[in-house]
Amino acid sequence: MRVTQNTNFEAVRESIRRTKDRMEKLQFQASTLKKLNAPSDNPVAAAKVLESRTDKVNNDQFLMNAKLAESHLTNSDHALGELADIMVRAKEIAIGQSSGASSTDDTRLGVAEEVAQLFNQAVSIANRRVGDRYLFGGFKTDTPPVDESGRYRGDRGSLMVEIAKDVFLTSNVTGLEAFNTKPESSTDVQLQKSNAPYGNKAGDRVPANTTADVELQGPDAVPPTQSENVNAFDELQSLRIGLLTGDLEGIRSTLERFDQLHARLISNRAKVGSRMTGLQTTVTAIERQNLTNAQLTSSLEDADMAQVVGDMAKEEQVFRSALSSSQKLMQPTLMDFIK
């Protein structure tokens with residue numbers, strides 16, 4: 001087969017072009033420190049990198065949600081702890097003033113002022129907020145949940161926050177749960193339902209201390225006894241009234257109820273603590289996933305500079321060899337013209 005001069009020229013030019021393309025690609029990798037600069041470089045790796053970046057964007061939003069929920073839960077825990085301390089102090093006052101031998105009318109009148117301050121402090125804690133959102137109001141986060149008389153004006157809404165894919169966490173404690181030992185039996189629930197535009201809403205249960213839950217079977221039938229609800233603000237007011245009127249029996253009756261309120265607050269703090277534990281576990285898992293995705297992305301996208309420099313040296317040597325060989329191959333002779 002006859003090999004013409006033009007064929008030799010085309011072969012040499014193609015060889016040099018391929019070598020220069022490889023050198024340019026390696027130089028671009030060295031300048032960007034990445035071996036994956038376009039999807040065409042490695043389509044499978046590019047798809048994996050895009051998936052990892054999407055996961056990171058989602059995880060960053062989940063971490064922001066988790067920080068917001070953690071802030072609300074932490075402040076709720078502190079508020080519940082302060083309310084528990086108020087209940088303990090109120091019980092101490094009730095114990096000290098429940099006997100005529102250890103107290104007088106003058107001492108009871110003086111201590112009644114401290115109880116009034118405890119009541120105002122409890123209202124202030126109940127109306128605590130983070131930023132412009134009240135902690136204990138349920139869905140009603142823009143208005144104070146407790147008025148000056150201690151009546152709850154919020155609702156029973158649970159604020160759900162997505163802290164991972166399809167994982168939701170309740171980030172609040174409603175005032176009904178925090179300030180009552182039996183939330184469904186509290187007068188605040190009855191007041192909310194009586195103020196509803198069409199009576200009880202669908203799914204709302206009638207309070208346990210109403211006659212709607214009792215079906216009398218005859219004139220001698222006795223309704224089942226329901227445990228009494230205890231409200232923190234009502235008990236503080238009862239203690240204050242007992243101190244002002246010198247009602248020692250009324251003061252003594254508050255002792256057990258303060259114990260119930262304290263136990264309820266501790267139980268709510270335990271719930272908040274368990275939520276925070278689950279939240280921290282989820283955050284740790286998300287951060288671990290972000291680290292794993294970062295390592296995978298780095299292995300697929302980042303260039304190995306030692307290998308890049310070595311390959312560049314090899315390609316440069318190949319390029320020089322191609323130029324030297326082409327110079328010898330392309331030197332014309334008389335026999336080349338005779339061909």
# chains A, B, ... in the order shown; residues from 1 in each chain; ligands from 1
>>> residues_around(residues="A:Met305", least_positions_apart="2", cutoff="12 Å", atoms="only C-alpha atoms", output="PDB file with all heavy atoms, in the first residue's frame")
ATOM      1  N   LEU A  26      -4.776  18.128  31.675  1.00  0.00           N
ATOM      2  CA  LEU A  26      -4.031  17.991  32.924  1.00  0.00           C
ATOM      3  C   LEU A  26      -3.682  19.362  33.505  1.00  0.00           C
ATOM      4  O   LEU A  26      -3.719  19.553  34.722  1.00  0.00           O
ATOM      5  CB  LEU A  26      -2.759  17.174  32.679  1.00  0.00           C
ATOM      6  CG  LEU A  26      -2.980  15.684  32.388  1.00  0.00           C
ATOM      7  CD1 LEU A  26      -1.677  15.035  31.936  1.00  0.00           C
ATOM      8  CD2 LEU A  26      -3.534  14.978  33.618  1.00  0.00           C
ATOM      9  N   GLN A  27      -3.338  20.319  32.643  1.00  0.00           N
ATOM     10  CA  GLN A  27      -3.035  21.660  33.128  1.00  0.00           C
ATOM     11  C   GLN A  27      -4.277  22.321  33.738  1.00  0.00           C
ATOM     12  O   GLN A  27      -4.189  23.030  34.747  1.00  0.00           O
ATOM     13  CB  GLN A  27      -2.492  22.508  31.975  1.00  0.00           C
ATOM     14  CG  GLN A  27      -1.086  22.119  31.545  1.00  0.00           C
ATOM     15  CD  GLN A  27      -0.655  22.839  30.285  1.00  0.00           C
ATOM     16  OE1 GLN A  27      -1.459  23.531  29.650  1.00  0.00           O
ATOM     17  NE2 GLN A  27       0.612  22.678  29.917  1.00  0.00           N
ATOM     18  N   PHE A  28      -5.454  22.072  33.141  1.00  0.00           N
ATOM     19  CA  PHE A  28      -6.696  22.619  33.690  1.00  0.00           C
ATOM     20  C   PHE A  28      -7.011  21.992  35.045  1.00  0.00           C
ATOM     21  O   PHE A  28      -7.458  22.676  35.970  1.00  0.00           O
ATOM     22  CB  PHE A  28      -7.830  22.369  32.703  1.00  0.00           C
ATOM     23  CG  PHE A  28      -9.095  23.107  33.038  1.00  0.00           C
ATOM     24  CD1 PHE A  28      -9.121  24.492  33.092  1.00  0.00           C
ATOM     25  CD2 PHE A  28     -10.267  22.418  33.332  1.00  0.00           C
ATOM     26  CE1 PHE A  28     -10.278  25.182  33.402  1.00  0.00           C
ATOM     27  CE2 PHE A  28     -11.428  23.100  33.646  1.00  0.00           C
ATOM     28  CZ  PHE A  28     -11.426  24.484  33.686  1.00  0.00           C
ATOM     29  N   GLN A  29      -6.774  20.696  35.167  1.00  0.00           N
ATOM     30  CA  GLN A  29      -6.975  20.032  36.462  1.00  0.00           C
ATOM     31  C   GLN A  29      -6.023  20.590  37.518  1.00  0.00           C
ATOM     32  O   GLN A  29      -6.407  20.786  38.678  1.00  0.00           O
ATOM     33  CB  GLN A  29      -6.768  18.521  36.318  1.00  0.00           C
ATOM     34  CG  GLN A  29      -7.843  17.813  35.532  1.00  0.00           C
ATOM     35  CD  GLN A  29      -7.597  16.323  35.425  1.00  0.00           C
ATOM     36  OE1 GLN A  29      -6.662  15.790  36.029  1.00  0.00           O
ATOM     37  NE2 GLN A  29      -8.429  15.641  34.634  1.00  0.00           N
ATOM     38  N   ALA A  30      -4.778  20.870  37.113  1.00  0.00           N
ATOM     39  CA  ALA A  30      -3.810  21.422  38.063  1.00  0.00           C
ATOM     40  C   ALA A  30      -4.210  22.822  38.504  1.00  0.00           C
ATOM     41  O   ALA A  30      -3.994  23.211  39.662  1.00  0.00           O
ATOM     42  CB  ALA A  30      -2.419  21.441  37.436  1.00  0.00           C
ATOM     43  N   SER A  31      -4.807  23.611  37.608  1.00  0.00           N
ATOM     44  CA  SER A  31      -5.198  24.978  37.956  1.00  0.00           C
ATOM     45  C   SER A  31      -6.467  25.014  38.810  1.00  0.00           C
ATOM     46  O   SER A  31      -6.617  25.871  39.679  1.00  0.00           O
ATOM     47  CB  SER A  31      -5.396  25.805  36.683  1.00  0.00           C
ATOM     48  OG  SER A  31      -6.458  25.273  35.906  1.00  0.00           O
ATOM     49  N   THR A  32      -7.405  24.083  38.577  1.00  0.00           N
ATOM     50  CA  THR A  32      -8.664  24.056  39.337  1.00  0.00           C
ATOM     51  C   THR A  32      -8.614  23.110  40.531  1.00  0.00           C
ATOM     52  O   THR A  32      -9.521  23.136  41.371  1.00  0.00           O
ATOM     53  CB  THR A  32      -9.822  23.629  38.426  1.00  0.00           C
ATOM     54  OG1 THR A  32      -9.570  22.306  37.925  1.00  0.00           O
ATOM     55  CG2 THR A  32      -9.979  24.585  37.259  1.00  0.00           C
ATOM     56  N   LEU A  33      -7.601  22.278  40.596  1.00  0.00           N
ATOM     57  CA  LEU A  33      -7.459  21.263  41.653  1.00  0.00           C
ATOM     58  C   LEU A  33      -8.608  20.258  41.629  1.00  0.00           C
ATOM     59  O   LEU A  33      -8.884  19.613  42.636  1.00  0.00           O
ATOM     60  CB  LEU A  33      -7.376  21.909  43.037  1.00  0.00           C
ATOM     61  CG  LEU A  33      -6.247  22.928  43.250  1.00  0.00           C
ATOM     62  CD1 LEU A  33      -6.310  23.490  44.655  1.00  0.00           C
ATOM     63  CD2 LEU A  33      -4.893  22.313  42.973  1.00  0.00           C
ATOM     64  N   LYS A  34      -9.263  20.123  40.483  1.00  0.00           N
ATOM     65  CA  LYS A  34     -10.381  19.198  40.349  1.00  0.00           C
ATOM     66  C   LYS A  34     -10.204  18.373  39.083  1.00  0.00           C
ATOM     67  O   LYS A  34      -9.833  18.912  38.037  1.00  0.00           O
ATOM     68  CB  LYS A  34     -11.715  19.940  40.319  1.00  0.00           C
ATOM     69  CG  LYS A  34     -12.043  20.671  41.613  1.00  0.00           C
ATOM     70  CD  LYS A  34     -13.406  21.310  41.559  1.00  0.00           C
ATOM     71  CE  LYS A  34     -13.703  22.062  42.864  1.00  0.00           C
ATOM     72  NZ  LYS A  34     -13.731  21.152  44.017  1.00  0.00           N
ATOM     73  N   LYS A  35     -10.519  17.102  39.209  1.00  0.00           N
ATOM     74  CA  LYS A  35     -10.464  16.242  38.031  1.00  0.00           C
ATOM     75  C   LYS A  35     -11.817  16.115  37.349  1.00  0.00           C
ATOM     76  O   LYS A  35     -11.917  15.587  36.246  1.00  0.00           O
ATOM     77  CB  LYS A  35      -9.977  14.850  38.418  1.00  0.00           C
ATOM     78  CG  LYS A  35     -10.884  14.095  39.381  1.00  0.00           C
ATOM     79  CD  LYS A  35     -10.299  12.753  39.755  1.00  0.00           C
ATOM     80  CE  LYS A  35     -11.170  12.004  40.768  1.00  0.00           C
ATOM     81  NZ  LYS A  35     -10.580  10.726  41.175  1.00  0.00           N
ATOM     82  N   ASP A 302     -12.128  15.947  43.457  1.00  0.00           N
ATOM     83  CA  ASP A 302     -10.817  16.565  43.643  1.00  0.00           C
ATOM     84  C   ASP A 302      -9.731  15.786  42.927  1.00  0.00           C
ATOM     85  O   ASP A 302      -9.758  14.548  42.870  1.00  0.00           O
ATOM     86  CB  ASP A 302     -10.486  16.673  45.127  1.00  0.00           C
ATOM     87  CG  ASP A 302     -11.432  17.613  45.853  1.00  0.00           C
ATOM     88  OD1 ASP A 302     -12.111  18.396  45.163  1.00  0.00           O
ATOM     89  OD2 ASP A 302     -11.486  17.556  47.101  1.00  0.00           O
ATOM     90  N   ALA A 303      -8.767  16.522  42.416  1.00  0.00           N
ATOM     91  CA  ALA A 303      -7.658  15.907  41.681  1.00  0.00           C
ATOM     92  C   ALA A 303      -6.540  15.519  42.633  1.00  0.00           C
ATOM     93  O   ALA A 303      -6.281  16.205  43.631  1.00  0.00           O
ATOM     94  CB  ALA A 303      -7.136  16.877  40.629  1.00  0.00           C
ATOM     95  N   GLN A 307      -0.434  12.749  41.195  1.00  0.00           N
ATOM     96  CA  GLN A 307      -0.684  12.013  39.962  1.00  0.00           C
ATOM     97  C   GLN A 307      -0.781  12.964  38.768  1.00  0.00           C
ATOM     98  O   GLN A 307      -0.285  12.645  37.676  1.00  0.00           O
ATOM     99  CB  GLN A 307      -1.974  11.200  40.087  1.00  0.00           C
ATOM    100  CG  GLN A 307      -2.279  10.354  38.865  1.00  0.00           C
ATOM    101  CD  GLN A 307      -3.536   9.515  39.041  1.00  0.00           C
ATOM    102  OE1 GLN A 307      -4.146   9.540  40.112  1.00  0.00           O
ATOM    103  NE2 GLN A 307      -3.909   8.782  38.013  1.00  0.00           N
ATOM    104  N   VAL A 308      -1.428  14.123  38.950  1.00  0.00           N
ATOM    105  CA  VAL A 308      -1.564  15.084  37.849  1.00  0.00           C
ATOM    106  C   VAL A 308      -0.194  15.571  37.393  1.00  0.00           C
ATOM    107  O   VAL A 308       0.093  15.639  36.187  1.00  0.00           O
ATOM    108  CB  VAL A 308      -2.454  16.264  38.283  1.00  0.00           C
ATOM    109  CG1 VAL A 308      -2.405  17.395  37.253  1.00  0.00           C
ATOM    110  CG2 VAL A 308      -3.892  15.809  38.469  1.00  0.00           C
ATOM    111  N   VAL A 309       0.669  15.919  38.348  1.00  0.00           N
ATOM    112  CA  VAL A 309       2.016  16.403  37.986  1.00  0.00           C
ATOM    113  C   VAL A 309       2.799  15.312  37.282  1.00  0.00           C
ATOM    114  O   VAL A 309       3.500  15.569  36.277  1.00  0.00           O
ATOM    115  CB  VAL A 309       2.741  16.897  39.249  1.00  0.00           C
ATOM    116  CG1 VAL A 309       4.196  17.213  38.934  1.00  0.00           C
ATOM    117  CG2 VAL A 309       2.050  18.136  39.815  1.00  0.00           C
ATOM    118  N   GLY A 310       2.704  14.079  37.776  1.00  0.00           N
ATOM    119  CA  GLY A 310       3.393  12.971  37.118  1.00  0.00           C
ATOM    120  C   GLY A 310       2.888  12.736  35.702  1.00  0.00           C
ATOM    121  O   GLY A 310       3.690  12.509  34.772  1.00  0.00           O
ATOM    122  N   ASP A 311       1.551  12.803  35.531  1.00  0.00           N
ATOM    123  CA  ASP A 311       0.989  12.606  34.184  1.00  0.00           C
ATOM    124  C   ASP A 311       1.396  13.738  33.247  1.00  0.00           C
ATOM    125  O   ASP A 311       1.626  13.507  32.045  1.00  0.00           O
ATOM    126  CB  ASP A 311      -0.538  12.517  34.273  1.00  0.00           C
ATOM    127  CG  ASP A 311      -1.007  11.239  34.952  1.00  0.00           C
ATOM    128  OD1 ASP A 311      -0.190  10.303  35.047  1.00  0.00           O
ATOM    129  OD2 ASP A 311      -2.173  11.189  35.380  1.00  0.00           O
ATOM    130  N   MET A 312       1.480  14.956  33.779  1.00  0.00           N
ATOM    131  CA  MET A 312       1.907  16.073  32.932  1.00  0.00           C
ATOM    132  C   MET A 312       3.338  15.880  32.458  1.00  0.00           C
ATOM    133  O   MET A 312       3.663  16.176  31.290  1.00  0.00           O
ATOM    134  CB  MET A 312       1.790  17.387  33.715  1.00  0.00           C
ATOM    135  CG  MET A 312       0.362  17.886  33.905  1.00  0.00           C
ATOM    136  SD  MET A 312       0.286  19.423  34.843  1.00  0.00           S
ATOM    137  CE  MET A 312       1.221  20.521  33.774  1.00  0.00           C
TER     138      MET A 312
END
>>> residues_around(residues="A:Leu36", least_positions_apart="5", cutoff="7 Å", atoms="only C-alpha atoms", output="PDB file with C-alpha atoms, in the first residue's frame")
ATOM      1  CA  ASP A  41     -15.491  14.062  32.255  1.00  0.00           C
ATOM      2  CA  ASN A  42     -17.311  11.320  34.208  1.00  0.00           C
ATOM      3  CA  GLU A 301     -14.195  15.534  42.235  1.00  0.00           C
TER       4      GLU A 301
END
>>> residues_around(residues="stretch 230-244 of chain A", least_positions_apart="5", cutoff="7 Å", atoms="only C-alpha atoms", output="list in words")
Arg108, Leu109, Ala112, Val115, Ala116, Phe119, Gly150, Phe179, Asn180, Thr181, Lys182, Gly250, Ile251, Thr254, Arg257 and Leu261 of chain A
>>> closest_residue(among="A:Ala322, A:Ala164, A:Val88, A:Leu291", to="A:Glu256", atoms="only C-alpha atoms")
A:Val88
>>> closest_residue(among="A:Asn37, A:Asn58, A:Ser71, A:Ser253", to="A:Ile286", atoms="only C-alpha atoms")
A:Asn58
>>> atom_distance(atom1="atom CA of A:Glu316", atom2="atom CA of A:Ser40")
24.2 Å
>>> select_by_dssp(residues="stretch 37-211 of chain A", states="strand (DSSP E)", output="list in words")
Arg129, Val130, Arg133, Tyr134, Met160, Val161, Glu162, Ile163, Ala164, Val167, Phe168, Leu169 and Thr170 of chain A
>>> write_last_selection(atoms="N, CA and C atoms", output="compact mmCIF listing (two decimals), in the first residue's frame")
# COMPACT_ATOMS: atom_id res chain seq x y z
N ARG A 129 -41.04 34.59 75.79
CA ARG A 129 -40.96 34.38 74.35
C ARG A 129 -39.51 34.34 73.87
N VAL A 130 -39.33 33.73 72.71
CA VAL A 130 -38.04 33.70 72.02
C VAL A 130 -38.19 34.53 70.76
N ARG A 133 -41.89 35.27 69.34
CA ARG A 133 -42.82 34.14 69.44
C ARG A 133 -42.94 33.69 70.89
N TYR A 134 -44.17 33.63 71.40
CA TYR A 134 -44.41 33.18 72.76
C TYR A 134 -44.28 31.66 72.83
N MET A 160 -44.82 21.57 64.95
CA MET A 160 -44.00 20.49 64.43
C MET A 160 -42.90 21.04 63.53
N VAL A 161 -41.68 20.57 63.74
CA VAL A 161 -40.53 21.01 62.95
C VAL A 161 -39.90 19.78 62.32
N GLU A 162 -39.63 19.87 61.02
CA GLU A 162 -38.99 18.75 60.32
C GLU A 162 -37.48 18.87 60.50
N ILE A 163 -36.90 17.93 61.25
CA ILE A 163 -35.46 17.97 61.54
C ILE A 163 -34.68 16.97 60.71
N ALA A 164 -35.36 16.13 59.95
CA ALA A 164 -34.74 15.19 59.01
C ALA A 164 -35.84 14.79 58.04
N VAL A 167 -39.00 13.24 59.36
CA VAL A 167 -38.87 13.14 60.81
C VAL A 167 -39.28 14.49 61.41
N PHE A 168 -40.37 14.50 62.19
CA PHE A 168 -40.91 15.73 62.76
C PHE A 168 -40.80 15.68 64.28
N LEU A 169 -40.56 16.85 64.86
CA LEU A 169 -40.39 16.98 66.31
C LEU A 169 -41.27 18.10 66.82
N THR A 170 -41.96 17.85 67.95
CA THR A 170 -42.76 18.89 68.60
C THR A 170 -41.82 19.83 69.35
>>> select_by_dssp(residues="stretch 37-157 of chain A", states="alpha helix (DSSP H)", output="PyMOL selection string")
chain A and resi 43-97+105-126
>>> closest_residue(among="A:Glu14, A:Glu114, A:Glu70, A:Glu51", to="A:Val283", atoms="only C-alpha atoms")
A:Glu70
>>> residues_around(residues="stretch 151-156 of chain A", least_positions_apart="5", cutoff="9 Å", atoms="only C-alpha atoms", output="VMD selection string")
chain A and resid 136 to 141 143 to 146 173 to 177 179 187 to 189 192 233
>>> atom_distance(atom1="atom CA of A:Asp147", atom2="atom CA of A:Leu83")
16.4 Å
>>> closest_residue(among="A:Gly246, A:Pro39, A:Asn293, A:Ser299", to="A:Thr107", atoms="only C-alpha atoms")
A:Gly246
>>> residues_around(residues="A:Arg252", least_positions_apart="6", cutoff="10 Å", atoms="only C-alpha atoms", output="count of residues only")
9
>>> residues_around(residues="A:Leu80", least_positions_apart="3", cutoff="12 Å", atoms="only C-alpha atoms", output="VMD selection string")
chain A and resid 73 to 77 83 to 87 122 125 to 128 135 to 136 172 to 175 177 to 179 232 261 to 273
>>> write_last_selection(atoms="C-alpha atoms", output="short mmCIF file (atom, residue, chain, number, x, y, z; two decimals), in the first residue's frame")
data_model
loop_
_atom_site.label_atom_id
_atom_site.label_comp_id
_atom_site.auth_asym_id
_atom_site.auth_seq_id
_atom_site.Cartn_x
_atom_site.Cartn_y
_atom_site.Cartn_z
CA LEU A 73 -37.03 23.56 73.85
CA THR A 74 -34.13 24.93 75.89
CA ASN A 75 -36.03 28.08 76.83
CA SER A 76 -39.15 26.03 77.59
CA ASP A 77 -37.11 23.79 79.88
CA LEU A 83 -42.15 27.49 87.55
CA ALA A 84 -41.21 24.36 89.50
CA ASP A 85 -39.07 26.49 91.83
CA ILE A 86 -42.05 28.81 92.37
CA MET A 87 -44.23 25.83 93.31
CA ALA A 122 -45.35 32.95 87.22
CA ILE A 125 -42.63 33.18 82.92
CA ALA A 126 -45.77 31.86 81.22
CA ASN A 127 -45.59 34.78 78.78
CA ARG A 128 -41.92 34.25 77.99
CA LEU A 135 -43.37 29.75 74.05
CA PHE A 136 -46.54 28.44 75.68
CA ASN A 172 -43.24 23.51 72.09
CA VAL A 173 -45.13 22.79 75.30
CA THR A 174 -48.60 24.29 75.47
CA GLY A 175 -49.74 26.22 78.50
CA GLU A 177 -49.97 20.98 79.59
CA ALA A 178 -47.58 23.13 81.60
CA PHE A 179 -49.94 24.88 84.03
CA ALA A 232 -50.86 26.65 89.02
CA LEU A 261 -48.13 20.75 90.16
CA HIS A 262 -44.44 20.27 90.91
CA ALA A 263 -44.61 16.65 89.74
CA ARG A 264 -46.42 17.74 86.56
CA LEU A 265 -43.77 20.33 85.79
CA ILE A 266 -41.00 17.79 86.35
CA SER A 267 -42.80 15.38 84.03
CA ASN A 268 -43.03 18.07 81.33
CA ARG A 269 -39.33 18.82 81.75
CA ALA A 270 -38.61 15.12 81.27
CA LYS A 271 -40.59 15.19 78.01
CA VAL A 272 -38.67 18.23 76.84
CA GLY A 273 -35.41 16.54 77.79
#
>>> atom_distance(atom1="atom CA of A:Leu63", atom2="atom CA of A:Leu159")
16.8 Å
